[in-house]
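K.L.:
Submitted below is the structure of interest, expressed as structure tokens.
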Amino acid sequence: MIRLEFKKDFARITMDRPEVNAIDLKFVEEFQNALDDIENSIRKNSGLVRVLVIDSVVAGYFSFGFDLPTLAKSEYSYIYKMLSSYLELIRRLVIFPLPVIAFIEGRCIAGGMVLALAADYRMSVGNKSRFMLNEVNLNIPFPRGVVELVEGICGRVKSRELLSSGRSLRPEEAVNAGLIDEHLNPENAKDRLENR
């Protein structure tokens, strides 16, 4: 589900949960374990790992967001633990001791979009990528911390529009809105990431 590898001077967390990288409690726990491993590596080898990259190998998806079918059939205790663990993951990424880059290829929706927004820099690849904060379409309220995260990145006026419309944005629109920092052509994406 979550794979961690250490490259030349950066750590890479790769999401790999078919079919859409839906986020459940196991996904969050594995992600947290990967962050623990990176922080342990930083303590042992200060300066060796300088950047964290988050990406996906699931075709067409960075992340679809929460695993709604699992949440719908779960007991309250699981839902509470899953949501509180997810929000802790977002908080941890926001204050992570390394710069965090989200490398997005494909759809980045709801909880997956919030996961990307917790990164310091967001790069999208290809024209099939789509970006959406669509909780409003499902009558799901945004936690205050998520609202503040979006406001801090996109500004108050734009964040209200994004959070209340639930509409899907193409890469260029996402850059203009501030959700994405840079949009890349597939041909030069790998070089750009490795020479960040």
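Following the order of the structure tokens, chains are lettered A, B, ..., residues in each are numbered from 1, and ligands are numbered from 1.
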So which residues touch Asp67 (chain A) within 8 Å, counting only C-alpha atoms, skipping near sequence neighbours fewer than 4 positions away, as number ranges by chain?

P.N.:
A: 22-24, 71

K.L.:
Write a file of the just-selected residues containing N, CA, C and O atoms, as a compact mmCIF listing (two decimals), in the first residue's frame.

P.N.:
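Result saved to again.txt:
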# COMPACT_ATOMS: atom_id res chain seq x y z
N ALA A 22 -7.46 4.79 -2.43
CA ALA A 22 -8.44 5.23 -1.43
C ALA A 22 -7.82 5.13 -0.05
O ALA A 22 -7.09 4.19 0.27
N ILE A 23 -8.11 6.12 0.78
CA ILE A 23 -7.47 6.25 2.09
C ILE A 23 -8.33 5.58 3.16
O ILE A 23 -9.49 5.96 3.37
N ASP A 24 -7.76 4.56 3.81
CA ASP A 24 -8.39 3.94 4.96
C ASP A 24 -7.41 3.96 6.12
O ASP A 24 -6.32 4.53 6.02
N LEU A 71 -15.87 3.22 5.03
CA LEU A 71 -16.41 4.08 6.08
C LEU A 71 -17.91 3.88 6.26
O LEU A 71 -18.40 3.87 7.39

K.L.:
Mind the document's chain letters and residue numbers, and return as a list of chain:residue names the residues of region 100-134 of chain A that DSSP labels helix (DSSP H, G or I).

P.N.:
A:Gly111, A:Gly112, A:Met113, A:Val114, A:Leu115, A:Ala116, A:Leu117

K.L.:
Write out as a Markdown table the residues of region 67-180 of chain A that have any atom within 10 Å of an atom of region 34-39 of chain A, one row each with the nearest atom pair and its distance in Å to one decimal, counting only C-alpha atoms, sorted by chain and then rising number.

P.N.:
| residue | atom | partner | partner_atom | distance |
| --- | --- | --- | --- | --- |
| A:Leu89 | CA | A:Leu35 | CA | 9.3 |
| A:Arg92 | CA | A:Leu35 | CA | 8.8 |
| A:Leu93 | CA | A:Leu35 | CA | 8.7 |
| A:Phe96 | CA | A:Leu35 | CA | 8.7 |
| A:Pro97 | CA | A:Glu39 | CA | 8.1 |
| A:Leu98 | CA | A:Glu39 | CA | 9.1 |

K.L.:
Just want the 12 Å neighbourhood of Ala110 (chain A), counted on only C-alpha atoms, with same-chain residues fewer than 3 positions away dropped. Output as JSON, numbers by chain.

P.N.:
{"A": [21, 22, 23, 62, 63, 64, 65, 66, 67, 68, 107, 113, 114, 115, 116, 117, 130, 131, 132, 133, 134, 135, 136, 137, 138, 140, 141, 142, 146, 150, 162, 163, 166, 167, 168]}

K.L.:
Distance CA of Tyr86 (chain A)-CA of Pro143 (chain A), one decimal place?

P.N.:
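Interatomic distance, CA of Tyr86 (chain A) to CA of Pro143 (chain A): 11.5 Å.
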
K.L.:
Please list as a ChimeraX atom specification every residue within 7 Å of region 8-17 of chain A, counting only C-alpha atoms and excluding residues in the same chain fewer than 6 positions away.

P.N.:
/A:1-2,48-58

K.L.:
Output the selection as a compact mmCIF listing (two decimals), in the first residue's frame - N, CA, C and O atoms for each residue.

P.N.:
# COMPACT_ATOMS: atom_id res chain seq x y z
N MET A 1 0.82 -1.20 0.00
CA MET A 1 0.00 0.00 0.00
C MET A 1 0.87 1.26 0.00
O MET A 1 0.71 2.13 -0.83
N ILE A 2 1.79 1.37 0.97
CA ILE A 2 2.72 2.49 1.04
C ILE A 2 4.13 1.93 0.94
O ILE A 2 4.52 1.06 1.71
N LEU A 48 21.78 13.63 5.10
CA LEU A 48 21.80 12.70 3.98
C LEU A 48 20.50 12.77 3.17
O LEU A 48 20.52 12.81 1.95
N VAL A 49 19.37 12.79 3.86
CA VAL A 49 18.07 12.92 3.20
C VAL A 49 17.64 14.37 3.33
O VAL A 49 17.51 14.89 4.44
N ARG A 50 17.43 15.03 2.20
CA ARG A 50 17.11 16.45 2.22
C ARG A 50 15.70 16.80 1.78
O ARG A 50 15.24 17.92 2.03
N VAL A 51 15.00 15.87 1.13
CA VAL A 51 13.66 16.15 0.59
C VAL A 51 12.83 14.88 0.68
O VAL A 51 13.35 13.77 0.53
N LEU A 52 11.52 15.04 0.90
CA LEU A 52 10.57 13.94 0.82
C LEU A 52 9.68 14.14 -0.39
O LEU A 52 9.10 15.23 -0.56
N VAL A 53 9.58 13.12 -1.24
CA VAL A 53 8.70 13.15 -2.41
C VAL A 53 7.57 12.15 -2.18
O VAL A 53 7.82 11.01 -1.78
N ILE A 54 6.34 12.57 -2.43
CA ILE A 54 5.18 11.69 -2.35
C ILE A 54 4.62 11.53 -3.75
O ILE A 54 4.35 12.52 -4.43
N ASP A 55 4.46 10.27 -4.20
CA ASP A 55 3.88 10.04 -5.52
C ASP A 55 3.02 8.78 -5.50
O ASP A 55 2.77 8.20 -4.43
N SER A 56 2.56 8.37 -6.67
CA SER A 56 1.67 7.23 -6.80
C SER A 56 2.06 6.40 -8.01
O SER A 56 2.51 6.96 -9.02
N VAL A 57 1.86 5.09 -7.91
CA VAL A 57 2.05 4.23 -9.09
C VAL A 57 0.71 3.71 -9.62
O VAL A 57 0.68 2.94 -10.57
N VAL A 58 -0.39 4.14 -9.01
CA VAL A 58 -1.71 3.73 -9.48
C VAL A 58 -2.09 4.57 -10.68
O VAL A 58 -2.16 5.80 -10.59

K.L.:
Can you tell me, as JSON, numbers by chain, which residues in region 18-163 of chain A count as strand (DSSP E) by DSSP?

P.N.:
{"A": [22, 23, 51, 52, 53, 54, 55, 56, 61, 62, 63, 65, 66, 100, 101, 102, 103, 104, 105, 106, 107, 108, 109, 121, 122, 123, 124, 125, 126, 127, 128, 129, 130, 131, 132]}

K.L.:
So that I can check the surroundings of region 179-188 of chain A, please list as a PyMOL selection string every protein, DNA and RNA residue that reaches within 7 Å of it, counting only C-alpha atoms and ignoring chain neighbours fewer than 3 positions away.

P.N.:
chain A and resi 121-126+154+171+174-175+191-192

K.L.:
Of the residues A:Leu25, A:Ala177, A:Ile153, A:Leu169, which is the one nearest to Glu88 (chain A), using only C-alpha atoms?

P.N.:
A:Leu25

K.L.:
Between A:Ala59, A:Leu149, A:Ile90, A:Ile79, which is the closest to Ser129 (chain A) once you count only C-alpha atoms?

P.N.:
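For Ser129 (chain A), the nearest of the candidates is A:Ala59.
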
K.L.:
Which residue out of A:Tyr61, A:Pro69, A:Leu83, A:Ala119 has the minimum interatomic distance to Val100 (chain A) when only C-alpha atoms are used?

P.N.:
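Once distances to Val100 (chain A) are computed over only C-alpha atoms, the minimum belongs to A:Ala119.
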
K.L.:
Enter the distance from CA of Ile101 (chain A) to CA of Ala118 (chain A), in Å, rounded to one decimal.

P.N.:
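Distance between the two atoms: 9.3 Å.
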